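Following: one structure in structure tokens, then a few remarks.
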Amino acid sequence: MSAPHAEQVTSALPHEPEKATLEGRNKVLAFWLFLGGESVLFGTLFATFLALREQIADGPSADELFKLPTVAAATFILLVSSLTSVFAIQAMHKGNRKSLSLWLIVTVILGLGFLGLEIYEFAEYVNHEKFGMTTSAFSSAFYTLVGFHGAHVLFGVVWISLLIGQLAKKGLTVVTAPKIYVSAMYWHFIDVVWVFIFTVVYLLGKVG
Amino acid sequence: MAHAHSVKRHTGLMDWLTTVDHKKIGILYLIAGALFFGIGGIEALMIRWQLIKPMNDFVSAQTFNELITMHGTTMIFLGVMPLIFALMNAVVPLQIGARDVAFPFLNSLGFWTFLFGGILLNISWMMGGAPDAGWTAYTPLSTTAYSGTHGVDFYTVGLQIAGLGTLIGGINFLATVITMRAPGMTFMRMPMFTWTAFITSAIILFAFPAITVGLVLLSFDRILGANFFEVSNGGNPVLWQHIFWIFGHPEVYILILPAFGVISDVIPTFARKRLFGYSSMVFATILIAFLGFMVWAHHMFTTGMGPVANALFSISTMLIAVPTGIKIFNWLFTLWGGQIRFTSANLYASGFIPTFVMGGVTGVMLASAPADYQFHDTYFVVAHFHYVIVGGLVLGLFSGLHYWWPKMFGRVLDEKLGKIGFWFFIIGFHLTFFVQHFLGLMGMQRRIFTYLPGQGFDTLNLVSTVGALMMGVGVLVFLLNVVVTTRRPADAPNDPWEDGRTLEWSIPSPPPEYNFKQTPLVRGLDAYWKEKMAGHTEMTPAEPVGPIHMPSASILPFVMSVGIFVAGLGFMYHQYLVVGLGLIVTFVCMAIRSLYDDHGWHIDPEETTEKGVKA
Ligand code: HEM
Ligand SMILES: [Cu+2]
């Protein structure tokens with residue numbers, strides 16, 4: 001019984017509320033492990049993409065397709081959202097629930113902005129460039145890799161939104177803090193993945 | 001301080017559907033694993049019956065393909081993996097002095113997703129045909145061009161769901177071992193079974209996501225018309241082989257390491273000696289896991305990777321024999337000079353050693369790329385992997401089941417029946433598979449549904465089939481043993497083998513739901529043995545008697561798995577409304593889990609002492 005259980009800590013929040021209970025520490029640890037698995041998942045998708053990126057069959061090539069300005073905007077939005085999620089955690093460590101919620105809301109809005117741009121991009125490709133899932137091996141690999149990332153962003157947006165609701169209802173406690181902390185870890189992770197997508201898919205597509 | 005949370009304690013079926021107790025989940029894994037093991041076994045017997053004589057027509061070629069595919073897939077993913085998880089659930093928390101796993105809820109979720117994935121895969125028999133492209137599902141054989149039924153879709157979707165459950169289980173056990181150890185239970189004092197469970201979980205974590213992606217790609221090709229493996233649109237079938245084996249080879253170590261762990265716990269107990277070379281065992285386990293990730297292409301020597309790649313993968317593969325050899329010698333040195341008792345558990349463990357060595361030797365033979373051009377896709381390979389999987393893992397599982405049965409059920413399995421079962425099984429095993437080495441060397445290919453007479457294959461195939469029937473008898477004797485034993489009173493003492501060395505033997509059989517009334521203080525390797533040698537009969541407690549916090553039961557994992565199952569079926573048949581519905585069920589359950597805090601409940605000290613008296 002080295003650590004108190006969640007509901008036994010009621011008084012003032014400790015500095016790192018996410019690690020105050022055994023449950024909290026377990027959650028953070030397991031989430032690191034989970035991200036290890038996610039890295040293999042994206043690693044395999046990247047490897048697949050790299051193996052197939054030249055195989056455009058009768059479809060457009062990466063160079064013809066990609067418009068860097070939209071992608072750059074999306075990248076910028078997502079990077080900023082990582083920053084705002086850092087601010088959120090800083091607010092949490094200061095025990096400032098208002099500012100925490102605020103930064104989480106900003107993060108969600110930025111995430112939605114990113115998703116909007118991505119959907120717009122995909123729609124352009126499908127409708128105007130005749131570039132769909134079935135066009136070529138390159139197209140399949142592109143949609144699967146980028147789409148998997150997009151689905152992760154969508155999940156993150158829904159998840160963080162639910163957490164904002166919980167925060168309003170339950171307040172910042174040693175139960176809610178670990179959840180918010182791991183959601184921030186998740187958010188940074190998908191941000192890092194995007195950095196790789198930006199480089200490997202888009203930049204390499206333009207120059208390589 | 002004790003909170004009087006009012007808790008609903010479920011009974012009967014509801015108890016099993018909602019349980020988050022690792023001991024009960026272990027039993028669920030055992031039942032489900034045994035069921036699939038039985039199905040896979042019947043498939044195996046049907047395969048062997050078809051091959052009993054040349055030009056047999058017991059089953060058609062198509063059915064034969066379905067049988068071999070489902071046999072391999074079922075045995076590996078739905079038979080032995082869950083049986084490993086059964087032992088891990090039943091034993092690991094007890095061996096580290098924990099009251100439960102780190103995530104009881106996830107533990108239950110892992111089980112139910114595995115089960116529903118397995119069910120999905122198996123209903124393919126009744127829904128237009130089972131998968132027929134081999135357990136390796138090589139493209140292009142597994143693409144819609146050559147496999148037109150929904151069979152392979154059942155494979156991709158079913159394995160995806162079952163794999164998710166395995167991944168969840170892996171993460172749970174990693175976290176459990178890292179954070180839930182009792183005071184004094186340092187890493188280098190952990191029993192070997194716990195160590196191997198830990199390392200196996202780590203391999204699961206890093207290997208399963210690869211097959212997740214592979215299955216996604218294959219199902220996208222088949223269901224959405226993507227082009228990953230479609231050559232005419234730029235796809236690459238060899239990519240599948242790489243992804244499959246980057247997962248597939250680590251998978252074989254996921255399977256064998258826990259068996260190593262069982263053997264390393266059983267042999268010291270029945271030799272009355274501490275394990276020889278404990279630290280080198282730990283080191284070898286870690287090294288095997290590490291090397292296991294760098295050898296995948298030894299399954300692809302004949303694909304045409306070129307001499308450089310073949311040479312590198314040859315060497316890395318042969319290297320694995322070194323840590324494996326270390327283990328073999330450690331077991332032998334543990335037995336050496338011990339006061340050996342050949343209980344059923346120890347018979348299986350001792351039978352394991354030579355049998356597994358034979359599988360390792362053929363493994364090193366296969367690792368030589370030029371020789372593999374001869375061996376590849378013949379019965380020689382079939383013999384190799386059955387020696388390591390059946391002669392290794394399955395013997396290990398039987399050993400572990402006999403050994404920990406009293407801890408799981410409070411009854412010692414009948415020794416006489418146990419030994420009869422063992423002899424049937426191991427003799428049958430060697431009859432079945434030893435001759436297959438020679439069939440392979442003589443040129444009999446694997447995965448062919450029949451053969452012509454006059455090639456010298458006839459007698460050996462007959463022998464092989466007879467052996468398979470004997471193995472079947474061995475398994476039936478084990479089942480009979482279970483039935484007979486279950487009808488006896490549950491009167492196993494804490495330490496039924498009397499020479500138990502590890503923590504699980506210091507508590508009642510079966511343990512109360514909180515395992516340890518007081519968390520034990522661990523003072524060395526073989527913690528319980530150490531106390532015995534100091535003249536104690538119990539562990540020294542590390543805490544005063546107090547209320548014990550328990551997690552609440554929940555039906556959500558079950559419902560979530562049903563949701564995933566429904567979504568998977570919908571995806572296969574392009575019913576995207578059904579997919580949405582299933583996913584919504586799952587995600588709503590997730591949200592409910594997140595929104596309503598689970599405070600758990602407490603067991604009061606009065607209750608624990610009352611129960612403690614019984615033991
Ligand atoms: C010393 C250790 C081992 C070595 C050097 C080794 C080597 C090999 C090689 C080179 C092959 C490919 C043969 C071919 O397809 O031509 C192979 C196949 C196989 N091995 Fe091993 N192996 C070892 C241990 C194991 C263990 C411990 C297991 C499982 C518990 C295992 C399971 C398998 C399976 C399932 C296959 C066949 C897969 C298939 O094609 O369906 N091996 N092994
Ligand atoms: Cu291998």
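Ordering of the structure tokens sets the chain letters (A, B, ...), residue numbers begin anew at 1 in every chain, and ligands are numbered from 1 in the order given.
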*Neighbours of ligand 2 within 10 Å, counting only C-alpha atoms and all ligand atoms, as a PyMOL selection string?*
chain B and resi 245-253+292-300+317+363+366-367+385
*Residue list for chain B near chain A as a ChimeraX atom specification, 9 Å, only C-alpha atoms*: /B:1,102-103,167-168,171-172,174-176,178-179,183,202,204-214,216-217,220-221,224-236,239,243,519,542-543,549,591,594-595,597,599
So that each row is one residue of chain B with an atom at most 7 Å from ligand 1, can you give its shortest atom pair and the distance in Å to one decimal, using only C-alpha atoms and all ligand atoms, rows by chain and rising number, as a tab-separated table?
residue	atom	partner	partner_atom_place_in_ligand_line	distance
B:Trp135	CA	ligand 1	41 (O)	6.9
B:Thr136	CA	ligand 1	41 (O)	6.3
B:Val252	CA	ligand 1	29 (C)	4.0
B:Tyr253	CA	ligand 1	27 (C)	5.8
B:Leu255	CA	ligand 1	30 (C)	5.4
B:Ile256	CA	ligand 1	30 (C)	4.6
B:His298	CA	ligand 1	10 (C)	4.8
B:His299	CA	ligand 1	12 (C)	4.3
B:Thr317	CA	ligand 1	5 (C)	5.2
B:Met318	CA	ligand 1	5 (C)	5.3
B:Ile320	CA	ligand 1	1 (C)	5.7
B:Ala321	CA	ligand 1	1 (C)	4.4
B:Thr324	CA	ligand 1	1 (C)	6.6
B:Gly359	CA	ligand 1	24 (C)	6.8
B:Gly360	CA	ligand 1	1 (C)	4.1
B:Val361	CA	ligand 1	1 (C)	6.6
B:Gly363	CA	ligand 1	6 (C)	3.5
B:Val364	CA	ligand 1	5 (C)	4.1
B:Leu366	CA	ligand 1	10 (C)	4.1
B:Ala367	CA	ligand 1	10 (C)	3.9
B:Asp372	CA	ligand 1	16 (O)	5.3
B:Phe375	CA	ligand 1	16 (O)	5.6
B:His376	CA	ligand 1	16 (O)	3.4
B:Asp377	CA	ligand 1	16 (O)	5.8
B:Val381	CA	ligand 1	13 (C)	5.5
B:Val382	CA	ligand 1	37 (C)	6.8
B:His384	CA	ligand 1	20 (N)	6.5
B:Phe385	CA	ligand 1	33 (C)	4.3
B:Val388	CA	ligand 1	30 (C)	4.8
B:Ile389	CA	ligand 1	30 (C)	4.3
B:Gly392	CA	ligand 1	30 (C)	6.8
B:Leu393	CA	ligand 1	30 (C)	6.4
*Work out how far apart atom CA of Ile105 of chain A and atom CA of Ile160 of chain A are and give it in Å to one decimal.*
8.3 Å
_List the spatial neighbours of Ile555 of chain B as JSON, numbers by chain - criterion: any atom at most 10 Å away, only C-alpha atoms, same-chain residues fewer than 5 positions off excluded._
{"B": [14, 15, 16, 17, 18, 19, 20, 105, 108, 109, 560, 589]}
Convert the current residue selection to file output with N, CA, C and O atoms, as an mmCIF file, in the first residue's frame.
data_model
loop_
_atom_site.group_PDB
_atom_site.id
_atom_site.type_symbol
_atom_site.label_atom_id
_atom_site.label_comp_id
_atom_site.auth_asym_id
_atom_site.auth_seq_id
_atom_site.Cartn_x
_atom_site.Cartn_y
_atom_site.Cartn_z
ATOM 1 N N MET B 14 -23.726 -13.855 -14.911
ATOM 2 C CA MET B 14 -23.413 -12.425 -14.868
ATOM 3 C C MET B 14 -22.056 -12.182 -14.221
ATOM 4 O O MET B 14 -21.310 -11.288 -14.619
ATOM 5 N N ASP B 15 -21.724 -12.996 -13.241
ATOM 6 C CA ASP B 15 -20.428 -12.866 -12.589
ATOM 7 C C ASP B 15 -19.309 -13.072 -13.600
ATOM 8 O O ASP B 15 -18.347 -12.311 -13.660
ATOM 9 N N TRP B 16 -19.449 -14.092 -14.422
ATOM 10 C CA TRP B 16 -18.390 -14.388 -15.397
ATOM 11 C C TRP B 16 -18.316 -13.343 -16.495
ATOM 12 O O TRP B 16 -17.251 -13.040 -16.997
ATOM 13 N N LEU B 17 -19.484 -12.800 -16.884
ATOM 14 C CA LEU B 17 -19.469 -11.794 -17.951
ATOM 15 C C LEU B 17 -18.880 -10.473 -17.472
ATOM 16 O O LEU B 17 -18.385 -9.682 -18.273
ATOM 17 N N THR B 18 -18.969 -10.214 -16.172
ATOM 18 C CA THR B 18 -18.565 -8.897 -15.683
ATOM 19 C C THR B 18 -17.279 -8.930 -14.873
ATOM 20 O O THR B 18 -16.805 -7.895 -14.455
ATOM 21 N N THR B 19 -16.712 -10.101 -14.674
ATOM 22 C CA THR B 19 -15.606 -10.174 -13.728
ATOM 23 C C THR B 19 -14.378 -9.397 -14.196
ATOM 24 O O THR B 19 -14.086 -9.324 -15.389
ATOM 25 N N VAL B 20 -13.696 -8.805 -13.232
ATOM 26 C CA VAL B 20 -12.417 -8.171 -13.542
ATOM 27 C C VAL B 20 -11.315 -8.812 -12.695
ATOM 28 O O VAL B 20 -10.212 -8.302 -12.607
ATOM 29 N N PHE B 105 -9.969 -3.752 -15.617
ATOM 30 C CA PHE B 105 -10.990 -3.515 -16.637
ATOM 31 C C PHE B 105 -10.438 -3.876 -18.025
ATOM 32 O O PHE B 105 -11.065 -4.601 -18.793
ATOM 33 N N SER B 108 -10.202 -7.591 -18.684
ATOM 34 C CA SER B 108 -11.449 -8.190 -19.128
ATOM 35 C C SER B 108 -11.724 -7.822 -20.591
ATOM 36 O O SER B 108 -12.111 -8.667 -21.404
ATOM 37 N N LEU B 109 -11.460 -6.569 -20.950
ATOM 38 C CA LEU B 109 -11.675 -6.137 -22.337
ATOM 39 C C LEU B 109 -10.812 -6.956 -23.298
ATOM 40 O O LEU B 109 -11.269 -7.393 -24.359
ATOM 41 N N MET B 560 -18.579 -3.768 -25.365
ATOM 42 C CA MET B 560 -17.665 -3.164 -26.340
ATOM 43 C C MET B 560 -17.214 -4.183 -27.376
ATOM 44 O O MET B 560 -17.124 -3.881 -28.572
ATOM 45 N N CYS B 589 -19.591 3.051 -24.995
ATOM 46 C CA CYS B 589 -19.121 2.339 -23.798
ATOM 47 C C CYS B 589 -17.835 2.965 -23.270
ATOM 48 O O CYS B 589 -17.656 3.138 -22.066
#
*Using only C-alpha atoms: which of A:Lys94, A:Lys67, A:Lys130, A:His152 has the shortest distance to Pro14 of chain A*: A:Lys94
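Distances here use only C-alpha atoms; by that measure, the residue among A:Val153, A:Ile180, A:Ala62, A:Ala12 closest to Leu78 of chain A is A:Val153.
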_Within 9 Å of Phe64 of chain B using only C-alpha atoms, minus same-chain residues under 5 positions, as a PyMOL selection string_ = chain B and resi 46-47+50+59+69+132+447-449
_Shell of 10 Å around Val482 of chain B, only C-alpha atoms, local chain residues under 3 positions omitted, as an NGL selection string_ = :B and (405 or 411-414 or 417-418 or 476-479 or 485-487)
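Nearest to Gly396 of chain B of all the residues B:Ile286, B:Leu87, B:Val238, B:Val177 is B:Leu87, based on only C-alpha atoms.
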_If I take atom CA of Gly421 of chain B and atom CA of Leu395 of chain B, how far is one from the other in Å, to one decimal?_
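Interatomic distance here is 11.5 Å.
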_All helix (DSSP H, G or I) positions in segment 30-202 of chain A, as number ranges by chain_ = A: 30-52, 62-65, 68-93, 97-128, 137-170, 176-202
*Would you mind reading off the distance between atom CA of Val157 of chain A and atom CA of Val108 of chain A, one decimal, in Å?*
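Separating atom CA of Val157 of chain A from atom CA of Val108 of chain A is a distance of 5.5 Å.
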